[in-house]
$ cat my_file_21.tsv   # TSV, C-alpha atoms
chain	number	residue	atom	x	y	z
A	1	MET	CA	-2.00	-5.37	-10.01
A	2	SER	CA	-3.24	-8.23	-12.11
A	3	GLN	CA	-5.27	-7.67	-15.22
A	4	THR	CA	-8.40	-9.51	-16.25
A	5	LYS	CA	-10.34	-9.56	-19.48
A	6	GLU	CA	-13.52	-8.51	-17.70
A	7	ARG	CA	-12.60	-5.68	-15.35
A	8	ASN	CA	-14.20	-5.25	-11.95
A	9	LEU	CA	-14.87	-1.51	-11.75
A	10	THR	CA	-15.15	-1.57	-7.96
A	11	ILE	CA	-11.69	-3.12	-7.67
A	12	ASP	CA	-10.39	-0.60	-10.21
A	13	PHE	CA	-11.84	2.20	-8.07
A	14	ILE	CA	-10.19	0.78	-4.95
A	15	LYS	CA	-6.82	0.62	-6.72
A	16	ALA	CA	-7.27	4.19	-7.95
A	17	ILE	CA	-7.95	5.36	-4.40
A	18	ALA	CA	-5.02	3.34	-3.09
A	19	ILE	CA	-2.43	4.64	-5.55
A	20	PHE	CA	-3.38	8.27	-4.94
A	21	GLY	CA	-3.28	7.55	-1.22
A	22	VAL	CA	0.27	6.23	-1.52
A	23	LEU	CA	1.29	9.49	-3.19
A	24	VAL	CA	-0.33	11.53	-0.41
A	25	ILE	CA	1.49	9.47	2.24
A	26	HIS	CA	4.90	9.99	0.68
A	27	VAL	CA	4.32	13.63	-0.25
A	28	GLY	CA	3.26	14.42	3.31
A	29	SER	CA	5.89	12.34	5.11
A	30	GLY	CA	8.26	15.30	5.36
A	31	VAL	CA	5.57	17.39	7.02
A	32	LEU	CA	5.14	14.77	9.76
A	33	THR	CA	8.85	14.35	10.42
A	34	GLN	CA	10.16	17.89	9.87
A	35	THR	CA	7.55	20.19	11.42
A	36	GLN	CA	6.69	20.87	15.05
A	37	ILE	CA	4.46	18.28	16.67
A	38	GLY	CA	0.99	19.69	17.27
A	39	SER	CA	1.43	22.67	14.96
A	40	PHE	CA	-1.21	23.47	12.34
A	41	ALA	CA	1.14	22.27	9.57
A	42	TRP	CA	1.87	19.01	11.37
A	43	THR	CA	-1.79	18.42	12.23
A	44	SER	CA	-2.75	19.08	8.59
A	45	GLY	CA	-0.14	16.59	7.44
A	46	LEU	CA	-1.45	14.03	9.92
A	47	LEU	CA	-5.02	14.66	8.75
A	48	TRP	CA	-4.13	13.76	5.16
A	49	GLY	CA	-1.83	10.94	6.23
A	50	ALA	CA	-4.46	9.35	8.46
A	51	LEU	CA	-7.17	9.57	5.79
A	52	VAL	CA	-5.12	7.59	3.27
A	53	ARG	CA	-3.22	5.28	5.62
A	54	GLY	CA	-5.18	2.28	4.42
A	55	SER	CA	-3.74	2.54	0.90
A	56	VAL	CA	-1.28	-0.37	0.96
A	57	PRO	CA	-3.79	-2.67	2.73
A	58	LEU	CA	-6.31	-1.68	0.03
A	59	PHE	CA	-3.90	-2.87	-2.67
A	60	LEU	CA	-3.50	-6.19	-0.87
A	61	MET	CA	-7.25	-6.55	-0.41
A	62	ALA	CA	-7.88	-5.74	-4.08
A	63	SER	CA	-5.35	-8.39	-5.11
A	64	GLY	CA	-7.05	-10.92	-2.84
A	65	ALA	CA	-10.49	-10.08	-4.23
A	66	ILE	CA	-9.22	-10.81	-7.74
A	67	MET	CA	-6.67	-13.58	-7.27
A	68	LEU	CA	-8.66	-15.70	-4.79
A	69	ASN	CA	-11.60	-15.98	-7.17
A	70	ALA	CA	-11.64	-19.69	-8.03
A	71	ALA	CA	-13.65	-18.96	-11.19
A	72	LYS	CA	-10.48	-17.53	-12.71
A	73	PRO	CA	-8.02	-20.40	-13.34
A	74	LEU	CA	-4.44	-19.91	-12.18
A	75	SER	CA	-1.87	-22.61	-12.83
A	76	LEU	CA	1.48	-22.76	-11.04
A	77	LYS	CA	3.18	-22.15	-14.37
A	78	LYS	CA	1.24	-18.94	-14.97
A	79	LEU	CA	1.66	-17.85	-11.36
A	80	TYR	CA	5.44	-18.14	-11.37
A	81	PHE	CA	6.37	-17.48	-14.98
A	82	HIS	CA	3.92	-14.63	-15.58
A	83	ASN	CA	2.65	-13.01	-12.38
A	84	ILE	CA	5.67	-13.46	-10.11
A	85	ALA	CA	8.28	-13.19	-12.88
A	86	ARG	CA	6.81	-9.88	-14.03
A	87	ILE	CA	6.88	-8.42	-10.52
A	88	VAL	CA	10.43	-9.60	-9.82
A	89	LEU	CA	11.72	-8.24	-13.12
A	90	ALA	CA	10.04	-4.88	-12.56
A	91	MET	CA	11.45	-4.76	-9.03
A	92	LEU	CA	15.00	-5.39	-10.29
A	93	VAL	CA	14.83	-2.97	-13.22
A	94	TRP	CA	13.31	-0.11	-11.25
A	95	GLY	CA	15.44	-0.91	-8.21
A	96	PHE	CA	18.59	-0.64	-10.30
A	97	GLY	CA	17.32	2.64	-11.72
A	98	TYR	CA	16.96	4.06	-8.22
A	99	LYS	CA	20.47	2.85	-7.34
A	100	LEU	CA	21.91	4.63	-10.38
A	101	TYR	CA	19.99	7.81	-9.54
A	102	HIS	CA	21.45	7.92	-6.03
A	103	LEU	CA	24.95	7.27	-7.41
A	104	VAL	CA	24.61	10.16	-9.86
A	105	LEU	CA	23.31	12.45	-7.13
A	106	ALA	CA	26.20	11.51	-4.84
A	107	GLY	CA	28.79	11.88	-7.63
A	108	GLN	CA	29.81	8.23	-7.27
A	109	MET	CA	28.96	6.95	-10.73
A	110	ASN	CA	31.83	4.54	-11.47
A	111	LEU	CA	32.12	0.83	-12.27
A	112	SER	CA	33.02	-0.26	-8.75
A	113	MET	CA	30.05	1.56	-7.20
A	114	ILE	CA	27.70	0.34	-9.93
A	115	TRP	CA	28.81	-3.24	-9.24
A	116	TYR	CA	28.43	-2.71	-5.50
A	117	SER	CA	24.94	-1.26	-6.00
A	118	LEU	CA	23.94	-4.20	-8.18
A	119	LYS	CA	25.05	-6.64	-5.49
A	120	ARG	CA	23.09	-4.73	-2.85
A	121	LEU	CA	20.06	-4.77	-5.14
A	122	LEU	CA	20.26	-8.56	-5.54
A	123	LEU	CA	20.51	-8.86	-1.76
A	124	PHE	CA	17.20	-6.94	-1.54
A	125	ASP	CA	18.72	-3.70	-0.28
A	126	GLN	CA	16.26	-1.69	-2.33
A	127	GLU	CA	14.26	1.53	-2.29
A	128	PHE	CA	12.21	1.83	0.92
A	129	HIS	CA	8.78	1.76	-0.75
A	130	PHE	CA	9.57	-1.57	-2.42
A	131	TYR	CA	8.49	-3.29	0.78
A	132	TYR	CA	5.05	-3.60	-0.79
A	133	ILE	CA	6.50	-5.59	-3.69
A	134	HIS	CA	8.00	-8.07	-1.25
A	135	MET	CA	4.63	-8.36	0.48
A	136	ILE	CA	2.71	-8.98	-2.73
A	137	LEU	CA	5.24	-11.65	-3.71
A	138	ILE	CA	4.49	-13.44	-0.43
A	139	VAL	CA	0.77	-13.15	-1.17
A	140	TYR	CA	1.33	-14.68	-4.61
A	141	VAL	CA	3.50	-17.52	-3.29
A	142	PHE	CA	0.68	-18.47	-0.91
A	143	LEU	CA	-2.02	-18.27	-3.59
A	144	PRO	CA	-2.25	-22.02	-4.39
A	145	ILE	CA	-3.06	-22.58	-0.71
A	146	THR	CA	-5.24	-19.54	-0.04
A	147	ARG	CA	-7.21	-20.06	-3.25
A	148	LEU	CA	-8.04	-23.64	-2.22
A	149	PHE	CA	-9.00	-22.49	1.27
A	150	ALA	CA	-11.18	-19.66	-0.08
A	151	GLU	CA	-12.90	-22.04	-2.51
A	152	LYS	CA	-13.72	-24.67	0.11
A	153	ALA	CA	-14.41	-22.49	3.16
A	154	ASP	CA	-17.92	-21.37	4.05
A	155	LYS	CA	-18.66	-17.99	5.61
A	156	LYS	CA	-18.13	-19.17	9.19
A	157	LEU	CA	-14.76	-20.74	8.43
A	158	LEU	CA	-13.61	-17.62	6.57
A	159	GLU	CA	-14.66	-15.50	9.55
A	160	TYR	CA	-12.84	-17.84	11.93
A	161	ALA	CA	-9.65	-17.53	9.87
A	162	LEU	CA	-10.00	-13.74	9.73
A	163	CYS	CA	-10.59	-13.60	13.48
A	164	ILE	CA	-7.33	-15.48	14.10
A	165	TRP	CA	-5.57	-13.15	11.69
A	166	GLY	CA	-7.16	-10.11	13.34
A	167	VAL	CA	-6.07	-11.16	16.81
A	168	PHE	CA	-2.48	-12.15	16.02
A	169	ALA	CA	-1.70	-9.76	13.13
A	170	VAL	CA	-3.68	-6.64	14.08
A	171	VAL	CA	-4.70	-6.49	17.74
A	172	TYR	CA	-1.98	-8.39	19.63
A	173	PRO	CA	1.04	-6.64	18.01
A	174	MET	CA	-0.48	-3.30	19.05
A	175	LEU	CA	-1.34	-4.40	22.58
A	176	ARG	CA	2.26	-5.53	23.09
A	177	ASN	CA	3.23	-1.85	23.19
A	178	PHE	CA	1.03	-1.06	26.18
A	179	ALA	CA	0.77	-2.17	29.80
A	180	PRO	CA	0.11	-4.77	31.09
A	181	PHE	CA	0.97	-6.60	27.85
A	182	THR	CA	4.51	-5.19	27.96
A	183	LEU	CA	5.09	-7.54	30.90
A	184	LEU	CA	4.62	-10.65	28.76
A	185	SER	CA	7.80	-12.61	28.13
A	186	GLY	CA	9.05	-15.87	26.66
A	187	LEU	CA	7.56	-17.08	23.41
A	188	THR	CA	4.67	-14.64	23.64
A	189	GLY	CA	6.81	-12.21	21.63
A	190	GLN	CA	6.61	-14.63	18.72
A	191	TRP	CA	2.84	-14.99	18.75
A	192	ALA	CA	2.37	-11.95	16.54
A	193	ILE	CA	2.14	-12.33	12.77
A	194	ASN	CA	4.60	-9.88	11.26
A	195	LEU	CA	3.67	-7.27	8.67
A	196	THR	CA	4.92	-9.28	5.69
A	197	PHE	CA	2.88	-12.40	6.37
A	198	ALA	CA	-0.08	-10.35	7.59
A	199	SER	CA	-0.42	-9.33	3.94
A	200	VAL	CA	-1.78	-12.81	3.20
A	201	GLY	CA	-4.60	-12.14	5.64
A	202	TYR	CA	-5.39	-8.82	4.01
A	203	GLY	CA	-5.82	-10.65	0.70
A	204	LEU	CA	-8.28	-13.03	2.33
A	205	PHE	CA	-10.07	-10.08	3.94
A	206	GLY	CA	-10.53	-8.48	0.51
A	207	TYR	CA	-11.96	-11.70	-0.86
A	208	TYR	CA	-14.34	-11.97	2.11
A	209	LEU	CA	-15.62	-8.40	1.72
A	210	THR	CA	-16.24	-9.02	-1.97
A	211	LYS	CA	-18.23	-12.17	-1.27
A	212	TYR	CA	-19.97	-10.94	1.88
A	213	PRO	CA	-20.03	-7.12	1.60
A	214	PHE	CA	-20.71	-4.84	4.56
A	215	THR	CA	-23.82	-2.70	4.63
A	216	PHE	CA	-23.44	1.00	3.92
A	217	ILE	CA	-23.87	1.92	7.59
A	218	LYS	CA	-21.32	-0.66	8.74
A	219	SER	CA	-18.88	0.57	6.08
A	220	VAL	CA	-19.26	4.18	7.24
A	221	VAL	CA	-18.77	3.16	10.88
A	222	CYS	CA	-15.60	1.22	10.02
A	223	PHE	CA	-14.24	4.21	8.10
A	224	LEU	CA	-15.02	6.76	10.82
A	225	VAL	CA	-13.79	4.62	13.73
A	226	GLY	CA	-10.66	3.70	11.77
A	227	PHE	CA	-9.88	7.32	10.92
A	228	ILE	CA	-10.56	8.62	14.45
A	229	LEU	CA	-8.40	5.89	15.98
A	230	THR	CA	-5.57	6.41	13.49
A	231	PHE	CA	-5.58	10.20	13.71
A	232	GLY	CA	-6.43	10.53	17.38
A	233	ALA	CA	-4.02	7.93	18.77
A	234	THR	CA	-1.17	9.18	16.59
A	235	PHE	CA	-1.79	12.80	17.63
A	236	ILE	CA	-1.95	11.98	21.35
A	237	LEU	CA	1.04	9.63	21.44
A	238	SER	CA	3.17	11.92	19.28
A	239	TYR	CA	2.26	15.00	21.34
A	240	GLN	CA	3.14	13.18	24.56
A	241	ALA	CA	6.47	11.95	23.16
A	242	GLY	CA	7.38	15.20	21.38
A	243	ALA	CA	8.15	13.20	18.24
A	244	LEU	CA	6.17	11.32	15.62
A	245	ASN	CA	4.84	8.04	17.00
A	246	GLU	CA	3.97	5.74	14.11
A	247	GLN	CA	2.44	2.83	16.03
A	248	PHE	CA	-1.09	3.60	14.86
A	249	LEU	CA	0.05	4.45	11.33
A	250	GLN	CA	1.36	0.95	10.69
A	251	GLY	CA	-0.38	-1.11	8.01
A	252	THR	CA	-1.64	-3.69	10.50
A	253	SER	CA	-2.70	-1.33	13.27
A	254	PRO	CA	-6.39	-1.63	14.25
A	255	GLY	CA	-7.33	1.84	13.01
A	256	VAL	CA	-5.72	1.36	9.60
A	257	CYS	CA	-7.36	-2.06	9.24
A	258	LEU	CA	-10.81	-0.62	9.99
A	259	LEU	CA	-10.13	2.36	7.72
A	260	ALA	CA	-9.17	0.07	4.82
A	261	ALA	CA	-12.23	-2.14	5.40
A	262	GLY	CA	-14.49	0.92	5.39
A	263	ILE	CA	-13.04	2.36	2.17
A	264	PHE	CA	-13.04	-1.04	0.45
A	265	SER	CA	-16.70	-1.56	1.33
A	266	LEU	CA	-17.82	1.98	0.51
A	267	ALA	CA	-16.25	1.70	-2.95
A	268	SER	CA	-18.88	-0.87	-3.91
A	269	PHE	CA	-21.62	1.74	-3.46
A	270	VAL	CA	-20.06	4.12	-6.02
A	271	LYS	CA	-21.41	3.86	-9.56
A	272	ALA	CA	-18.89	5.38	-11.95
A	273	LYS	CA	-19.88	6.59	-15.39
A	274	GLY	CA	-18.50	8.73	-18.17
A	275	ILE	CA	-15.28	10.64	-17.54
A	276	PHE	CA	-15.14	9.47	-13.93
A	277	LYS	CA	-15.14	5.85	-15.07
A	278	LYS	CA	-12.38	6.57	-17.59
A	279	MET	CA	-10.28	8.23	-14.89
A	280	ILE	CA	-10.71	5.23	-12.60
A	281	LEU	CA	-9.69	2.78	-15.31
A	282	CYS	CA	-6.67	4.89	-16.24
A	283	LEU	CA	-5.43	5.13	-12.65
A	284	SER	CA	-6.03	1.45	-12.00
A	285	LYS	CA	-4.15	0.31	-15.10
A	286	ALA	CA	-1.29	2.71	-14.36
A	287	SER	CA	-1.14	1.95	-10.62
A	288	PHE	CA	1.88	-0.38	-10.74
A	289	CYS	CA	3.89	2.07	-12.85
A	290	ILE	CA	2.89	4.95	-10.57
A	291	TYR	CA	3.94	2.99	-7.50
A	292	LEU	CA	7.30	2.11	-9.01
A	293	SER	CA	8.09	5.55	-10.42
A	294	HIS	CA	6.61	8.11	-8.03
A	295	MET	CA	9.62	8.32	-5.72
A	296	PHE	CA	11.78	9.23	-8.73
A	297	ILE	CA	9.46	12.18	-9.31
A	298	LEU	CA	9.46	13.19	-5.64
A	299	TYR	CA	13.27	13.02	-5.46
A	300	ILE	CA	13.62	15.20	-8.55
A	301	LEU	CA	11.04	17.74	-7.36
A	302	GLU	CA	12.70	17.93	-3.95
A	303	HIS	CA	16.08	18.40	-5.64
A	304	PHE	CA	14.66	21.57	-7.15
A	305	GLY	CA	13.18	22.69	-3.83
A	306	ILE	CA	9.58	21.65	-4.53
A	307	ARG	CA	8.17	20.05	-1.38
A	308	ALA	CA	5.00	20.08	0.69
A	309	GLN	CA	6.51	22.46	3.26
A	310	LEU	CA	6.51	25.35	0.74
A	311	LEU	CA	2.80	26.05	1.37
A	312	PRO	CA	0.36	25.27	4.20
A	313	ALA	CA	0.20	21.47	4.33
A	314	LEU	CA	-3.59	21.52	4.27
A	315	PHE	CA	-3.34	22.59	0.62
A	316	SER	CA	0.18	21.62	-0.46
A	317	VAL	CA	-0.08	17.89	0.28
A	318	PRO	CA	-3.04	17.18	-2.05
A	319	LEU	CA	-1.85	19.68	-4.68
A	320	LEU	CA	1.66	18.25	-4.84
A	321	SER	CA	0.21	14.73	-4.88
A	322	VAL	CA	-1.86	15.65	-7.94
A	323	LEU	CA	1.23	17.08	-9.64
A	324	VAL	CA	3.22	13.90	-8.96
A	325	LEU	CA	0.28	11.84	-10.21
A	326	LEU	CA	0.10	13.75	-13.49
A	327	ILE	CA	3.85	13.35	-14.10
A	328	CYS	CA	3.64	9.63	-13.30
A	329	LEU	CA	0.76	9.24	-15.74
A	330	PHE	CA	2.92	10.86	-18.41
A	331	VAL	CA	5.69	8.35	-17.61
A	332	TYR	CA	3.15	5.54	-17.84
A	333	GLY	CA	1.91	6.83	-21.19
A	334	VAL	CA	5.43	6.79	-22.60
A	335	LEU	CA	6.41	3.37	-21.23
A	336	SER	CA	3.10	1.72	-22.10
A	337	SER	CA	3.62	2.64	-25.74
A	338	ILE	CA	6.59	0.22	-25.81
A	339	PRO	CA	5.15	-3.34	-25.86
A	340	VAL	CA	8.02	-5.10	-24.05
A	341	LEU	CA	8.16	-2.51	-21.27
A	342	LYS	CA	4.40	-2.46	-20.94
A	343	LYS	CA	4.32	-6.21	-20.44
A	344	TRP	CA	7.23	-6.67	-18.08
A	345	ILE	CA	8.15	-3.59	-16.05
A	346	ILE	CA	4.99	-1.54	-15.56
$ encode --input "my_file_21.tsv" --output "structure tokens"
Amino acid sequence: MSQTKERNLTIDFIKAIAIFGVLVIHVGSGVLTQTQIGSFAWTSGLLWGALVRGSVPLFLMASGAIMLNAAKPLSLKKLYFHNIARIVLAMLVWGFGYKLYHLVLAGQMNLSMIWYSLKRLLLFDQEFHFYYIHMILIVYVFLPITRLFAEKADKKLLEYALCIWGVFAVVYPMLRNFAPFTLLSGLTGQWAINLTFASVGYGLFGYYLTKYPFTFIKSVVCFLVGFILTFGATFILSYQAGALNEQFLQGTSPGVCLLAAGIFSLASFVKAKGIFKKMILCLSKASFCIYLSHMFILYILEHFGIRAQLLPALFSVPLLSVLVLLICLFVYGVLSSIPVLKKWII
């Protein structure tokens, strides 16, 4: 979500993919939770959801690819008073907006409830999709350390660090859900790196893939294996349980990690020109605003009965995602025309 004078079109393309993927995930979430497991509608929703499940990791990897580049100076003053301050302010402003929306919808708009909502906001009781903002803040706080490590580390040391991250943030947390690893006790439960701090590793992974890119074949294999694992394991486990099992949809699950790596790497093979290039740049620049505002749009559309379940999910999920995207781009166009808002909250 940072801006540079000389834009990296590959990173812009990755961010464009990621932001549309986030919309698809949230548009299709109702299909996965409110339709019969194994039905055509549910399977269609899972198909779209699995394809784009790497979206948040892609954002983290894109940030790492940009922010860990030692050629771009980053002082502590700029980090905290520009990058972090901007994100925190946007989080508070938009978070308060969501609080007010829910109060209006519930008919509880009064001073006492506004004050209560503000206190909850400051205690980080915020809109569910703001979890990404908390993760990117952790990534930014670690930047002085990770930038130094990335600058000094050679390929083998980077791979060693990523292997440790892969074992304790991706593989081990998943294995803990299955026998015989469920038998482990004691401090072994604390070996896993939780989702928030795993975001730091995703940033380093993005930097690594930028510096040492995968071949086209390896990228395709990562994508296909990641998708099959994400879709297949979720389908099987959910069907067996009779309810949605989200273990393999988590941001640090092995399938999602491979899927994100495959998409990130494949993006470098795309050469955008003309209108396609303009679309990529537009989506990339607007991505933060879209992320912050899209749930407003979904809430309003759902209030008027417009949801993915109205049509077969195979078609409704992407179509409704495009509609939400277009409305968000209109919101971005309006807000970006106001200099102060453009600088600080989008």
$ residues_around --input "my_file_21.tsv" --residues "Val170 of chain A" --least-positions-apart "2" --cutoff "8 Å" --atoms "only C-alpha atoms" --output "PDB file with C-alpha atoms, keeping the file's coordinate frame"
ATOM      1  CA  TRP A 165      -5.570 -13.150  11.690  1.00  0.00           C
ATOM      2  CA  GLY A 166      -7.160 -10.110  13.340  1.00  0.00           C
ATOM      3  CA  VAL A 167      -6.070 -11.160  16.810  1.00  0.00           C
ATOM      4  CA  PHE A 168      -2.480 -12.150  16.020  1.00  0.00           C
ATOM      5  CA  TYR A 172      -1.980  -8.390  19.630  1.00  0.00           C
ATOM      6  CA  PRO A 173       1.040  -6.640  18.010  1.00  0.00           C
ATOM      7  CA  MET A 174      -0.480  -3.300  19.050  1.00  0.00           C
ATOM      8  CA  THR A 252      -1.640  -3.690  10.500  1.00  0.00           C
ATOM      9  CA  SER A 253      -2.700  -1.330  13.270  1.00  0.00           C
ATOM     10  CA  PRO A 254      -6.390  -1.630  14.250  1.00  0.00           C
ATOM     11  CA  CYS A 257      -7.360  -2.060   9.240  1.00  0.00           C
TER      12      CYS A 257
END
$ atom_distance --input "my_file_21.tsv" --atom1 "atom CA of Lys156 of chain A" --atom2 "atom CA of Tyr212 of chain A"
11.2 Å
$ atom_distance --input "my_file_21.tsv" --atom1 "atom CA of Tyr291 of chain A" --atom2 "atom CA of Trp48 of chain A"
18.5 Å
$ closest_atom_pairs --input "my_file_21.tsv" --of "segment 44-109 of chain A" --to "segment 10-16 of chain A" --cutoff "7 Å" --atoms "all atoms listed in the file" --output "tab-separated table"
residue	atom	partner	partner_atom	distance
A:Leu58	CA	A:Ile14	CA	6.8
A:Phe59	CA	A:Lys15	CA	6.1
A:Ala62	CA	A:Ile11	CA	5.9
$ axis_aligned_box --input "my_file_21.tsv" --around "segment 193-196 of chain A" --padding-each-side "6 Å" --output "JSON"
{"center_x": 3.5, "center_y": -9.8, "center_z": 9.2, "size_x": 14.8, "size_y": 17.1, "size_z": 19.1}
$ residues_near_point --input "my_file_21.tsv" --point "(9.3, -2.1, -13.0)" --cutoff "12 Å" --atoms "all atoms listed in the file" --output "number ranges by chain"
A: 85-98, 130, 133, 286-294, 331-332, 335-336, 340-346
$ atom_distance --input "my_file_21.tsv" --atom1 "atom CA of Ser29 of chain A" --atom2 "atom CA of Phe128 of chain A"
13.0 Å
$ residues_around --input "my_file_21.tsv" --residues "Gly28 of chain A" --least-positions-apart "5" --cutoff "10 Å" --atoms "only C-alpha atoms" --output "JSON, numbers by chain"
{"A": [22, 23, 33, 42, 44, 45, 46, 47, 48, 49, 307, 308, 309, 313, 314, 316, 317, 318, 320, 321]}
$ residues_near_point --input "my_file_21.tsv" --point "(8.4, 3.9, 16.0)" --cutoff "12 Å" --atoms "all atoms listed in the file" --output "list in words"
Thr33, Met174, Asn177, Thr234, Leu237, Ser238, Ala241, Ala243, Leu244, Asn245, Glu246, Gln247, Phe248, Leu249 and Gln250 of chain A
$ decode --input "my_file_21.tsv" --residues "segment 25-36 of chain A" --atoms "N, CA and C atoms" --output "short mmCIF file (atom, residue, chain, number, x, y, z; two decimals), in the first residue's frame"
data_model
loop_
_atom_site.label_atom_id
_atom_site.label_comp_id
_atom_site.auth_asym_id
_atom_site.auth_seq_id
_atom_site.Cartn_x
_atom_site.Cartn_y
_atom_site.Cartn_z
N ILE A 25 -13.80 -13.01 -2.05
CA ILE A 25 -13.89 -13.75 -0.79
C ILE A 25 -15.09 -13.29 0.03
N HIS A 26 -15.23 -11.99 0.19
CA HIS A 26 -16.29 -11.46 1.04
C HIS A 26 -17.66 -11.53 0.37
N VAL A 27 -17.71 -11.39 -0.94
CA VAL A 27 -18.98 -11.55 -1.65
C VAL A 27 -19.47 -12.99 -1.53
N GLY A 28 -18.55 -13.93 -1.64
CA GLY A 28 -18.93 -15.35 -1.63
C GLY A 28 -19.01 -15.99 -0.27
N SER A 29 -18.69 -15.26 0.79
CA SER A 29 -18.67 -15.86 2.13
C SER A 29 -20.04 -16.37 2.53
N GLY A 30 -21.10 -15.64 2.17
CA GLY A 30 -22.44 -16.08 2.50
C GLY A 30 -22.82 -17.39 1.83
N VAL A 31 -22.32 -17.59 0.63
CA VAL A 31 -22.59 -18.83 -0.10
C VAL A 31 -22.01 -20.02 0.66
N LEU A 32 -20.80 -19.84 1.20
CA LEU A 32 -20.13 -20.94 1.90
C LEU A 32 -20.75 -21.25 3.25
N THR A 33 -21.34 -20.24 3.88
CA THR A 33 -21.87 -20.45 5.23
C THR A 33 -23.39 -20.65 5.26
N GLN A 34 -24.08 -20.32 4.17
CA GLN A 34 -25.54 -20.35 4.20
C GLN A 34 -26.17 -21.28 3.17
N THR A 35 -25.36 -22.06 2.47
CA THR A 35 -25.92 -23.02 1.51
C THR A 35 -25.47 -24.42 1.90
N GLN A 36 -26.15 -25.42 1.38
CA GLN A 36 -25.90 -26.80 1.76
C GLN A 36 -24.52 -27.26 1.31
#
